[in-house]
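Please read the structure below before turning to the comments.
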Amino acid sequence: MHITVGDVVLPGDLIGEQDELKKVVYGPGLRVHQNQIYAVTSGIFKKKPDANYYYVDTFHQKRYVPVRSEDVLGVVTNKSGDIFKVDIGSSEQASLSYLAFEGATKKNRPDIQVGDLVFAKLVVASRDMEPELVCVDSYGKKGKLGPLPEGGFVFSCSLNLVRKILKKDYPLFNVLGKDISYEISVGMNGKVWVKAATIPQTIAVCNAILAAEHKTKDEIDEMSKQILKMLAYC
Amino acid sequence: MEDSAIFNVQEQWLRPLRCELNVLSRPDGSAMITQGSYFILCCYVNTFLYSYRVHIFFFKGNTAVVAAVYGPVDVKPQRILVDKASIETVYKPKSGLPNVADRMRETIIKNTCETALLSAIHPRTAVCIVLQEMQDSGGLLSCCINAACMALMDSGIAMKFLVAAVSCMISEDDIILDPSDKDLMGSKASLTFVFDSAKKNLVASHTSGVFSQEQYHESLLKCRQASCEIFEFYRSLVKKYIICI
Amino acid sequence: MKESILSISEKTFILSALSETRRLDGRKLDEFRPMKIHFGSDWGCCIVTLGQTKVIAQVSCEVQQPKPTRPNEGLLLLFVELSPMGAPHFEAGRQSDLAVQLNRLLEKCIKDSRCVDLESLCITAEEKVWAVRVDVNILNHEGNLVDAASLAALTALSHFRRPDVTTTGEQTIIHDPAERDPIPITLHHHPVCVSYAVFDKGNHVIADPTAIEERVSEGQIVFGVNAYRELCGLHLGGNAPITLEMVNKYATRAAKRALELVTQMKKALAEDLKNRISGIEVGFRDCIDSNNRLSLGKDNFQIQLFTPDFKKERAKRASNIDVKEEKINDEVMDDSSEDDSEPVIVSVGKGSAELVNQKKQDMKLRRKRKLQNDEGGKEYDVDESSSSEESDNLDKESEDTRKNGEPMSDSEIQVVAEYKGTENKPNENKVIANIELSGDSEEEETVLLHGEDLKNGSTEKGRGRCPKEEKMEGDEPHSRGWYSKPTW
């Protein structure tokens, strides 16, 4: 069996042999075992256009496994000592230090309650260690990270959908943005937070995102128009 | 004469599978499998003017199972394994409390899934597999294993390979593949084999009854052949779901 | 696994949406999710789907010794099992509080209402009786487990067939199903649970809550009601203050819902039986929709502006928006032809039960809404049976106009006359029902819903309403036309 880029692979499918001379990166969904490359999840075998980077685009995934440097959205579940515990949907709750916020000092602690939402970056994500979050970049600035403002609504969706809507050329947000003004923050862990001016608008944006999961770009245009039309009746 | 010919054909084949992935909203991965129902044999009859397509129907039970997978998730302290994920299996019969046979089924499924999963990449976590019997018309164990495998695949967790379980029975003189509960009435032994998708190696084998070594080997070969059919089914299923990504 | 913590923003969003009478999944406050029933090939096995909540029930039976206190009655055992399949925080093999509560609610509703004829399950008094066991397993928990579980248990019980038994002197023979046709269990009536969630100290009450709504809610009201509008159980949970008026009001609505559910259940049972007799395959094969896309990503999302039904309706409306009256009449016809698949009026016996079909309901709702607008929201709770009676007339009215093509005003007069003529009818029905109730079921548990309001409703409100209806009919002849008038 010969597998090329764009094919459907299932776990256990032999992709090919490892080439010692070529510099190739095997991304998620692939593993090397005795110089042979196998798929470990089912999906489409893909290659990044500008690099020798191969991976499998899994067809469905809901559970998040932490990956370093990914931005995630979590719920603060516990405050103890110097750290917050944050539920990011992974097997273990992530820890977030009091000091990992912009301008935070031992005296000046950030005002975060249990149940608040934070948008943070994973700095430690190893299989053997507890995941660790920060809300500042390496310059000590918060950028887009930090606790999310009050209001809005958060919901979970599949990881595929998150990856899909975060693509740079994905039209959904622009189409919606023409008619509705909204804030959105999308965590790689499948959690999306949306805040618009009114409740129907917020629901409309959430609805549009969920409905986009199995739609092509053209269908998305159509669907967003429909949702905006429906919104007019609210 | 003709009847027997058809029956011989029928015995060679597995009951048709139907599967739906992601049937439940709460688990990370889920699958509902039915195996059986009408067996449709399709023949072409060529006459001078027309060619007909004839469907012949048989009824061969309808085993149905739904499986759900959570994983990798947090693990209870007493079950924690430092080098790999601990796998928990729960099998729920549809009526009454689980009995010894159910517990054994649970263990077989657990061991099979443990082989198929790459549990070493998620240490100190748990993978929880829950199976619910919906209908038993023969071949419940193989249906459970197939459903568990599909649910694992649907959850997107890393697996070494997929597995396919095929059951068969040994009657007085013959080996019948994928017997229904009615067939099993006249069985001397029933065997279930599980194969992997990579090299079609035997992963698990569960037998009950009396049989000779030759019969075992013969049914192993037969089931192995039949397992290809299931792997084909898996592939076509995934392709169908991938179209809509 | 622990249940993940609910964020503050989710809580506040749901509450503030409710204060605008909105729900996440686009339903109206008193709207239920669609319900489906699938039967397995065994007797007494069914899957009930309520929105995305899925429940499987199986009935089994065995011969046992009866209780010494009730020597000639069979036993009915109900078990609700929560396996981790339903939700990650459910644990296998351990009775959680929720499981105990569900079990008790089901026992209240089905066992304590004595809907199963236990005496018919007796083989020989003091020695052998049938013990019927109902196992309910939760497959997917997306809220309102009580409704789904109670309906599944009831459907499975009505579907179940026990083996036939003959006793000859000392000997008892249990016949194999192949030998003698198995016998169904006798059910006197069909009670189901209908639950509501209470928010904001009783200011907002919603029907059929989803999982997240349940978690935010302050309390819940669960009614066990049968198709004869008899209350078979009432459970008030949580810490929300619940007044008597609220209970009365929602009991009336629950009764209507129960009737719908039972009618749907009977239809499904009849269809299954028909299939079995004619040899068409039965079993769970059909629950698998092999042609769909990822099954949860269909038309129905957990968060959406409107339910798909509404969308269809909306689209239809939009396309016909400025067509003349003839066209509209056609549309009404279309509607009715669609509704033909639903039974229009089904008398479930004992004179009091009738199914109000979808169209009528919507008309009724429209009327209610209209009333709310006109009378400042005070007279929201229109009495059910009088209005259903009216909607009958309303239907007739629209039918008349359709058939004769006559101008509205002619039929109006006719209708008003007709309406007055039938005014007392529901009362009569009630009386009949009342007599029968006190005759054969326990008096102390029987609550007849809104027996008295009926008169007030039909005399006070009824007359005042007629002209308004006409007016409404005039300016918006579509059925379900009230949707286009934003009230929020």
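In the structure tokens, chains take the letters A, B, ... in the order shown, each chain's residues start at 1, and ligands count up from 1 in the order shown.
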Per residue of chain C within 8 Å of chain A, which atom pair is closest and at what distance in Å (one decimal), using only C-alpha atoms, listed by chain and increasing number, as a Markdown table?
```
| residue | atom | partner | partner_atom | distance |
| --- | --- | --- | --- | --- |
| C:Ser4 | CA | A:Asp87 | CA | 7.5 |
| C:Ile5 | CA | A:Thr77 | CA | 6.6 |
| C:Leu6 | CA | A:Gly115 | CA | 6.6 |
| C:Ser7 | CA | A:Gly115 | CA | 4.3 |
| C:Ile8 | CA | A:Gly115 | CA | 5.1 |
| C:Ser9 | CA | A:Gly151 | CA | 5.4 |
| C:Glu10 | CA | A:Phe153 | CA | 5.4 |
| C:Thr12 | CA | A:Gly151 | CA | 7.2 |
| C:Phe13 | CA | A:Phe153 | CA | 6.1 |
| C:Ser16 | CA | A:Ile199 | CA | 8.0 |
| C:Ala17 | CA | A:Ile199 | CA | 6.3 |
| C:Leu24 | CA | A:Ile203 | CA | 6.9 |
| C:Gly297 | CA | A:Ala211 | CA | 7.4 |
| C:Phe301 | CA | A:Leu210 | CA | 7.0 |
| C:Ile303 | CA | A:Asn207 | CA | 5.5 |
| C:Gln304 | CA | A:Asn207 | CA | 4.7 |
| C:Leu305 | CA | A:Ala204 | CA | 5.8 |
| C:Ser484 | CA | A:Tyr233 | CA | 6.8 |
| C:Pro486 | CA | A:Cys234 | CA | 6.2 |
| C:Trp488 | CA | A:Cys234 | CA | 7.1 |
```
**Message:** Would you pick out the contacts of stretch 116-125 of chain C at 10 Å or less, using only C-alpha atoms, so that residues sharing its chain but fewer than 6 positions from it are not included, and give the list as a ChimeraX atom specification?
**Reply:** /C:63-66,68,70-76,110,131-132,154,157-158,162,165-167,170,172,185-190
**Prompt:** Can you list every residue in stretch 61-231 of chain A that DSSP puts in alpha helix (DSSP H), as a PyMOL selection string?
**Reply:** chain A and resi 159-165+172-177+199-211+217-231
May I have the residues from that selection written out with C-alpha atoms, as an mmCIF file, in the first residue's frame?
```
data_model
loop_
_atom_site.group_PDB
_atom_site.id
_atom_site.type_symbol
_atom_site.label_atom_id
_atom_site.label_comp_id
_atom_site.auth_asym_id
_atom_site.auth_seq_id
_atom_site.Cartn_x
_atom_site.Cartn_y
_atom_site.Cartn_z
ATOM 1 C CA LEU A 159 -10.819 20.552 18.308
ATOM 2 C CA ASN A 160 -11.176 20.221 14.550
ATOM 3 C CA LEU A 161 -13.583 23.105 14.485
ATOM 4 C CA VAL A 162 -11.215 25.273 16.501
ATOM 5 C CA ARG A 163 -8.349 24.544 14.145
ATOM 6 C CA LYS A 164 -10.597 25.222 11.219
ATOM 7 C CA ILE A 165 -11.879 28.600 12.349
ATOM 8 C CA LEU A 172 -16.531 33.118 8.999
ATOM 9 C CA PHE A 173 -15.425 35.867 11.396
ATOM 10 C CA ASN A 174 -15.165 38.487 8.691
ATOM 11 C CA VAL A 175 -18.576 37.701 7.275
ATOM 12 C CA LEU A 176 -20.178 37.883 10.692
ATOM 13 C CA GLY A 177 -18.172 40.956 11.639
ATOM 14 C CA ILE A 199 -27.838 38.176 23.862
ATOM 15 C CA PRO A 200 -29.349 37.196 20.499
ATOM 16 C CA GLN A 201 -26.217 38.403 18.767
ATOM 17 C CA THR A 202 -24.023 36.332 21.060
ATOM 18 C CA ILE A 203 -26.160 33.273 20.411
ATOM 19 C CA ALA A 204 -26.049 33.997 16.700
ATOM 20 C CA VAL A 205 -22.246 34.027 16.671
ATOM 21 C CA CYS A 206 -22.069 30.788 18.701
ATOM 22 C CA ASN A 207 -24.605 29.204 16.397
ATOM 23 C CA ALA A 208 -22.659 30.267 13.312
ATOM 24 C CA ILE A 209 -19.436 28.812 14.692
ATOM 25 C CA LEU A 210 -21.026 25.473 15.561
ATOM 26 C CA ALA A 211 -22.814 25.322 12.243
ATOM 27 C CA LYS A 217 -16.449 28.276 2.465
ATOM 28 C CA ASP A 218 -19.339 28.967 0.120
ATOM 29 C CA GLU A 219 -21.796 27.299 2.412
ATOM 30 C CA ILE A 220 -20.505 29.422 5.269
ATOM 31 C CA ASP A 221 -21.358 32.617 3.405
ATOM 32 C CA GLU A 222 -24.844 31.325 2.830
ATOM 33 C CA MET A 223 -25.237 30.105 6.391
ATOM 34 C CA SER A 224 -24.008 33.350 7.947
ATOM 35 C CA LYS A 225 -26.399 35.334 5.816
ATOM 36 C CA GLN A 226 -29.212 33.134 6.942
ATOM 37 C CA ILE A 227 -28.294 33.524 10.576
ATOM 38 C CA LEU A 228 -28.057 37.288 10.214
ATOM 39 C CA LYS A 229 -31.447 37.294 8.585
ATOM 40 C CA MET A 230 -32.840 35.302 11.481
ATOM 41 C CA LEU A 231 -31.253 37.740 13.887
#
```
**Prompt:** Do you know which residues are at most 9 Å from stretch 6-16 of chain A counting only C-alpha atoms, after dropping those on the same chain fewer than 6 positions away, and could you put them as a count of residues only?
**Reply:** 31
**Request:** Would you list the contacts of C:Gly283 as a PyMOL selection string, taking every protein, DNA or RNA residue within 12 Å and counting only C-alpha atoms, but skipping same-chain residues closer than 5 positions in sequence?
**Result:** (chain B and resi 34-38+59-65+134-137) or (chain C and resi 37-47+272+275-276+288)
Keeping only C-alpha atoms, write the selected residues to a file as an mmCIF file, in the first residue's frame.
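File written: result33.cif
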```cif
data_model
loop_
_atom_site.group_PDB
_atom_site.id
_atom_site.type_symbol
_atom_site.label_atom_id
_atom_site.label_comp_id
_atom_site.auth_asym_id
_atom_site.auth_seq_id
_atom_site.Cartn_x
_atom_site.Cartn_y
_atom_site.Cartn_z
ATOM 1 C CA THR B 34 -25.303 -3.159 14.679
ATOM 2 C CA GLN B 35 -24.369 -6.418 13.107
ATOM 3 C CA GLY B 36 -26.890 -8.628 11.461
ATOM 4 C CA SER B 37 -30.428 -7.893 10.461
ATOM 5 C CA TYR B 38 -31.420 -8.792 6.983
ATOM 6 C CA PHE B 59 -32.972 -12.908 8.796
ATOM 7 C CA LYS B 60 -29.984 -13.405 11.000
ATOM 8 C CA GLY B 61 -30.468 -11.608 14.276
ATOM 9 C CA ASN B 62 -29.393 -8.127 14.996
ATOM 10 C CA THR B 63 -26.682 -7.609 17.569
ATOM 11 C CA ALA B 64 -26.337 -4.003 18.622
ATOM 12 C CA VAL B 65 -23.856 -2.306 20.921
ATOM 13 C CA MET B 134 -28.507 -3.040 23.218
ATOM 14 C CA GLN B 135 -29.325 -6.333 21.610
ATOM 15 C CA ASP B 136 -27.664 -9.733 21.689
ATOM 16 C CA SER B 137 -28.320 -11.993 18.742
ATOM 17 C CA ILE C 37 -38.695 6.046 20.221
ATOM 18 C CA HIS C 38 -36.866 3.073 18.706
ATOM 19 C CA PHE C 39 -37.674 -0.520 19.555
ATOM 20 C CA GLY C 40 -35.242 -3.391 19.723
ATOM 21 C CA SER C 41 -36.037 -6.806 18.397
ATOM 22 C CA ASP C 42 -36.555 -8.215 21.889
ATOM 23 C CA TRP C 43 -39.847 -7.594 23.587
ATOM 24 C CA GLY C 44 -39.736 -4.798 26.116
ATOM 25 C CA CYS C 45 -36.661 -3.035 24.815
ATOM 26 C CA CYS C 46 -36.617 0.528 23.599
ATOM 27 C CA ILE C 47 -34.441 3.585 23.205
ATOM 28 C CA ASP C 272 -43.795 -1.607 15.771
ATOM 29 C CA ASN C 275 -44.029 -4.271 11.463
ATOM 30 C CA ARG C 276 -43.669 -7.391 13.575
ATOM 31 C CA ILE C 288 -28.212 4.133 12.914
#
```
Using only C-alpha atoms, find each residue in chain B having at least one atom no more than 7 Å away from chain C; report its shortest atom-to-atom pair and that distance in Å (one decimal), rows by chain then rising number, as CSV.
```
residue,atom,partner,partner_atom,distance
B:Cys19,CA,C:Ile288,CA,6.7
B:Glu20,CA,C:Ile288,CA,5.9
B:Leu21,CA,C:Leu294,CA,6.9
B:Asn22,CA,C:Ser295,CA,6.2
B:Val23,CA,C:Ser295,CA,5.8
B:Leu24,CA,C:Asn140,CA,5.9
B:Ser25,CA,C:Leu296,CA,6.8
B:Arg26,CA,C:Ala87,CA,5.8
B:Pro27,CA,C:Met85,CA,6.7
B:Thr34,CA,C:Arg285,CA,6.0
B:Asn62,CA,C:Gly283,CA,6.7
B:Ala64,CA,C:Phe284,CA,6.8
B:Ala68,CA,C:Met85,CA,5.8
B:Asp74,CA,C:Met1,CA,6.2
B:Lys94,CA,C:Gln58,CA,6.2
B:Ser95,CA,C:Asp135,CA,5.4
B:Gly96,CA,C:Asp135,CA,6.9
B:Val130,CA,C:Met85,CA,5.8
B:Gln135,CA,C:Gly40,CA,6.9
B:Tyr241,CA,C:Arg293,CA,6.5
B:Cys244,CA,C:Arg293,CA,6.5
```
Residues as selected, N, CA and C atoms, written as a PDB file, in the first residue's frame, can you do that?
```pdb
ATOM      1  N   CYS B  19     -22.583   1.145  11.209  1.00  0.00           N
ATOM      2  CA  CYS B  19     -21.928   1.859  12.301  1.00  0.00           C
ATOM      3  C   CYS B  19     -22.165   3.346  12.181  1.00  0.00           C
ATOM      4  N   GLU B  20     -22.388   3.957  13.302  1.00  0.00           N
ATOM      5  CA  GLU B  20     -22.480   5.408  13.327  1.00  0.00           C
ATOM      6  C   GLU B  20     -21.529   5.920  14.383  1.00  0.00           C
ATOM      7  N   LEU B  21     -20.687   6.872  14.000  1.00  0.00           N
ATOM      8  CA  LEU B  21     -19.729   7.430  14.946  1.00  0.00           C
ATOM      9  C   LEU B  21     -20.304   8.678  15.585  1.00  0.00           C
ATOM     10  N   ASN B  22     -19.759   9.011  16.757  1.00  0.00           N
ATOM     11  CA  ASN B  22     -20.134  10.242  17.438  1.00  0.00           C
ATOM     12  C   ASN B  22     -21.642  10.323  17.674  1.00  0.00           C
ATOM     13  N   VAL B  23     -22.232   9.234  18.149  1.00  0.00           N
ATOM     14  CA  VAL B  23     -23.676   9.230  18.384  1.00  0.00           C
ATOM     15  C   VAL B  23     -24.051   9.934  19.672  1.00  0.00           C
ATOM     16  N   LEU B  24     -23.104  10.028  20.605  1.00  0.00           N
ATOM     17  CA  LEU B  24     -23.411  10.628  21.898  1.00  0.00           C
ATOM     18  C   LEU B  24     -22.650  11.941  22.029  1.00  0.00           C
ATOM     19  N   SER B  25     -23.281  12.898  22.690  1.00  0.00           N
ATOM     20  CA  SER B  25     -22.642  14.214  22.753  1.00  0.00           C
ATOM     21  C   SER B  25     -21.676  14.338  23.924  1.00  0.00           C
ATOM     22  N   ARG B  26     -21.890  13.588  24.997  1.00  0.00           N
ATOM     23  CA  ARG B  26     -21.049  13.797  26.171  1.00  0.00           C
ATOM     24  C   ARG B  26     -19.670  13.134  26.067  1.00  0.00           C
ATOM     25  N   PRO B  27     -19.564  11.884  25.652  1.00  0.00           N
ATOM     26  CA  PRO B  27     -18.241  11.268  25.608  1.00  0.00           C
ATOM     27  C   PRO B  27     -17.336  11.891  24.531  1.00  0.00           C
ATOM     28  N   THR B  34     -24.393  -2.024  14.741  1.00  0.00           N
ATOM     29  CA  THR B  34     -25.303  -3.159  14.679  1.00  0.00           C
ATOM     30  C   THR B  34     -24.729  -4.140  13.678  1.00  0.00           C
ATOM     31  N   ASN B  62     -29.744  -9.523  15.118  1.00  0.00           N
ATOM     32  CA  ASN B  62     -29.393  -8.127  14.996  1.00  0.00           C
ATOM     33  C   ASN B  62     -28.699  -7.699  16.271  1.00  0.00           C
ATOM     34  N   ALA B  64     -26.601  -5.441  18.603  1.00  0.00           N
ATOM     35  CA  ALA B  64     -26.337  -4.003  18.622  1.00  0.00           C
ATOM     36  C   ALA B  64     -25.640  -3.609  19.914  1.00  0.00           C
ATOM     37  N   ALA B  68     -18.685   4.035  24.269  1.00  0.00           N
ATOM     38  CA  ALA B  68     -18.261   5.419  24.491  1.00  0.00           C
ATOM     39  C   ALA B  68     -16.869   5.420  25.085  1.00  0.00           C
ATOM     40  N   ASP B  74      -8.451  12.365  33.802  1.00  0.00           N
ATOM     41  CA  ASP B  74      -7.791  12.200  35.097  1.00  0.00           C
ATOM     42  C   ASP B  74      -8.087  10.815  35.672  1.00  0.00           C
ATOM     43  N   LYS B  94     -27.965  -5.019  29.385  1.00  0.00           N
ATOM     44  CA  LYS B  94     -29.119  -4.129  29.328  1.00  0.00           C
ATOM     45  C   LYS B  94     -30.137  -4.447  30.413  1.00  0.00           C
ATOM     46  N   SER B  95     -30.053  -5.619  31.022  1.00  0.00           N
ATOM     47  CA  SER B  95     -30.912  -5.812  32.182  1.00  0.00           C
ATOM     48  C   SER B  95     -30.152  -6.552  33.274  1.00  0.00           C
ATOM     49  N   GLY B  96     -30.421  -6.173  34.482  1.00  0.00           N
ATOM     50  CA  GLY B  96     -29.789  -6.838  35.619  1.00  0.00           C
ATOM     51  C   GLY B  96     -28.383  -6.345  35.883  1.00  0.00           C
ATOM     52  N   VAL B 130     -16.685   2.576  27.861  1.00  0.00           N
ATOM     53  CA  VAL B 130     -17.960   2.100  28.391  1.00  0.00           C
ATOM     54  C   VAL B 130     -18.750   1.454  27.261  1.00  0.00           C
ATOM     55  N   GLN B 135     -28.628  -5.168  22.132  1.00  0.00           N
ATOM     56  CA  GLN B 135     -29.325  -6.333  21.610  1.00  0.00           C
ATOM     57  C   GLN B 135     -28.304  -7.440  21.383  1.00  0.00           C
ATOM     58  N   TYR B 241     -16.966   9.766   6.628  1.00  0.00           N
ATOM     59  CA  TYR B 241     -17.002  10.862   7.583  1.00  0.00           C
ATOM     60  C   TYR B 241     -16.042  11.977   7.204  1.00  0.00           C
ATOM     61  N   CYS B 244     -17.090  15.013   4.891  1.00  0.00           N
ATOM     62  CA  CYS B 244     -17.801  16.192   5.396  1.00  0.00           C
ATOM     63  C   CYS B 244     -16.941  17.069   6.286  1.00  0.00           C
TER      64      CYS B 244
END
```
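Across B:Thr115, B:Ser155, B:Ser205, B:Asn146, the tightest approach to chain A is made by B:Ser155 when counting only C-alpha atoms.
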**Item:** Which of B:Ile157, B:Cys228, B:Ile129, B:Ala31 sits closest to chain A [using only C-alpha atoms]
**Value:**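 Result for the nearest residue to chain A: B:Ile157.
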**Request:** Using backbone DSSP assignments, extract all strand (DSSP E or B) residues from stretch 7-190 of chain C; output them as an MDAnalysis selection string.
**Result:** chainID C and resid 35:39 45:50 53:64 75:81 116 122:124 128:140 161:162 165:168 171:174 183:184 187
Those residues you just picked out, can you put them in a file as a PDB file, in the first residue's frame with C-alpha atoms?
```pdb
ATOM      1  CA  MET C  35     -38.860  12.916  21.263  1.00  0.00           C
ATOM      2  CA  LYS C  36     -38.198   9.697  19.362  1.00  0.00           C
ATOM      3  CA  ILE C  37     -38.695   6.046  20.221  1.00  0.00           C
ATOM      4  CA  HIS C  38     -36.866   3.073  18.706  1.00  0.00           C
ATOM      5  CA  PHE C  39     -37.674  -0.520  19.555  1.00  0.00           C
ATOM      6  CA  CYS C  45     -36.661  -3.035  24.815  1.00  0.00           C
ATOM      7  CA  CYS C  46     -36.617   0.528  23.599  1.00  0.00           C
ATOM      8  CA  ILE C  47     -34.441   3.585  23.205  1.00  0.00           C
ATOM      9  CA  VAL C  48     -35.960   6.963  23.904  1.00  0.00           C
ATOM     10  CA  THR C  49     -34.300  10.070  22.568  1.00  0.00           C
ATOM     11  CA  LEU C  50     -35.246  13.462  23.916  1.00  0.00           C
ATOM     12  CA  THR C  53     -30.617  12.809  25.828  1.00  0.00           C
ATOM     13  CA  LYS C  54     -30.643   9.082  25.139  1.00  0.00           C
ATOM     14  CA  VAL C  55     -32.010   6.375  27.372  1.00  0.00           C
ATOM     15  CA  ILE C  56     -32.375   2.636  26.876  1.00  0.00           C
ATOM     16  CA  ALA C  57     -34.855   0.533  28.825  1.00  0.00           C
ATOM     17  CA  GLN C  58     -35.290  -3.216  29.014  1.00  0.00           C
ATOM     18  CA  VAL C  59     -38.002  -5.134  30.796  1.00  0.00           C
ATOM     19  CA  SER C  60     -37.407  -8.660  32.010  1.00  0.00           C
ATOM     20  CA  CYS C  61     -39.394 -11.008  34.197  1.00  0.00           C
ATOM     21  CA  GLU C  62     -38.948 -14.039  36.394  1.00  0.00           C
ATOM     22  CA  VAL C  63     -41.068 -16.148  38.685  1.00  0.00           C
ATOM     23  CA  GLN C  64     -40.723 -15.332  42.379  1.00  0.00           C
ATOM     24  CA  LEU C  75     -43.756  -7.454  41.789  1.00  0.00           C
ATOM     25  CA  LEU C  76     -42.572  -4.444  39.840  1.00  0.00           C
ATOM     26  CA  LEU C  77     -38.952  -3.400  40.224  1.00  0.00           C
ATOM     27  CA  LEU C  78     -37.501  -0.267  38.705  1.00  0.00           C
ATOM     28  CA  PHE C  79     -33.797   0.412  38.367  1.00  0.00           C
ATOM     29  CA  VAL C  80     -32.117   3.446  36.883  1.00  0.00           C
ATOM     30  CA  GLU C  81     -28.426   2.999  36.220  1.00  0.00           C
ATOM     31  CA  VAL C 116     -49.402  -1.846  36.130  1.00  0.00           C
ATOM     32  CA  CYS C 122     -50.031 -13.609  39.907  1.00  0.00           C
ATOM     33  CA  ILE C 123     -49.658 -17.283  38.987  1.00  0.00           C
ATOM     34  CA  THR C 124     -50.587 -18.999  42.239  1.00  0.00           C
ATOM     35  CA  LYS C 128     -45.599 -17.871  42.503  1.00  0.00           C
ATOM     36  CA  VAL C 129     -45.904 -14.475  40.941  1.00  0.00           C
ATOM     37  CA  TRP C 130     -44.127 -12.720  38.103  1.00  0.00           C
ATOM     38  CA  ALA C 131     -41.500 -10.206  39.153  1.00  0.00           C
ATOM     39  CA  VAL C 132     -41.195  -7.638  36.395  1.00  0.00           C
ATOM     40  CA  ARG C 133     -37.934  -5.774  36.349  1.00  0.00           C
ATOM     41  CA  VAL C 134     -37.362  -2.578  34.401  1.00  0.00           C
ATOM     42  CA  ASP C 135     -33.753  -1.531  33.812  1.00  0.00           C
ATOM     43  CA  VAL C 136     -33.183   1.957  32.551  1.00  0.00           C
ATOM     44  CA  ASN C 137     -29.685   2.810  31.386  1.00  0.00           C
ATOM     45  CA  ILE C 138     -28.692   6.359  30.582  1.00  0.00           C
ATOM     46  CA  LEU C 139     -26.696   6.557  27.363  1.00  0.00           C
ATOM     47  CA  ASN C 140     -26.303  10.302  27.058  1.00  0.00           C
ATOM     48  CA  ARG C 161     -44.603  -9.606  26.541  1.00  0.00           C
ATOM     49  CA  ARG C 162     -44.279 -12.175  29.280  1.00  0.00           C
ATOM     50  CA  VAL C 165     -48.400 -19.789  32.003  1.00  0.00           C
ATOM     51  CA  THR C 166     -50.846 -22.595  32.662  1.00  0.00           C
ATOM     52  CA  THR C 167     -51.427 -24.145  36.044  1.00  0.00           C
ATOM     53  CA  THR C 168     -52.826 -27.636  36.321  1.00  0.00           C
ATOM     54  CA  GLN C 171     -47.984 -28.155  38.186  1.00  0.00           C
ATOM     55  CA  THR C 172     -47.125 -24.798  36.652  1.00  0.00           C
ATOM     56  CA  ILE C 173     -46.014 -24.732  33.042  1.00  0.00           C
ATOM     57  CA  ILE C 174     -44.264 -21.723  31.615  1.00  0.00           C
ATOM     58  CA  ILE C 183     -48.872 -11.995  26.809  1.00  0.00           C
ATOM     59  CA  PRO C 184     -48.587  -8.237  27.198  1.00  0.00           C
ATOM     60  CA  LEU C 187     -51.565  -1.180  32.048  1.00  0.00           C
TER      61      LEU C 187
END
```
**Asked** Any idea what's packed within 6 Å of stretch 208-210 of chain B, counting only C-alpha atoms, ignoring anything in its chain fewer than 6 positions away? Could you give it as a list in words?
**Response** Lys188, Ala189 and Ser190 of chain B
**Item:** Distance in Å - atom CA of C:Ser217 versus atom CA of C:Ala197
**Value:**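 Between atom CA of C:Ser217 and atom CA of C:Ala197 the gap is 6.1 Å.
You will find atom CA of C:Ser195 at 6.4 Å from atom CA of C:Ala207.
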**Request:** Report the distance between atom CA of B:Phe231 and atom CA of B:Thr192 in Å, rounded to one decimal place.
**Result:**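 Result for atom CA of B:Phe231 versus atom CA of B:Thr192: 16.2 Å, one decimal.
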**Asked** Which is closest to chain A among B:Lys182, B:His206, B:Arg18, B:Lys240, if we use only C-alpha atoms?
**Response** B:Lys240
**Within 6 Å of stretch 250-264 of chain C using only C-alpha atoms, minus same-chain residues under 3 positions, as a list of chain:residue names** =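 My reading of the contact set: C:Val194, C:Val225, C:Ala227, C:Arg229, C:Val247, C:Lys267.
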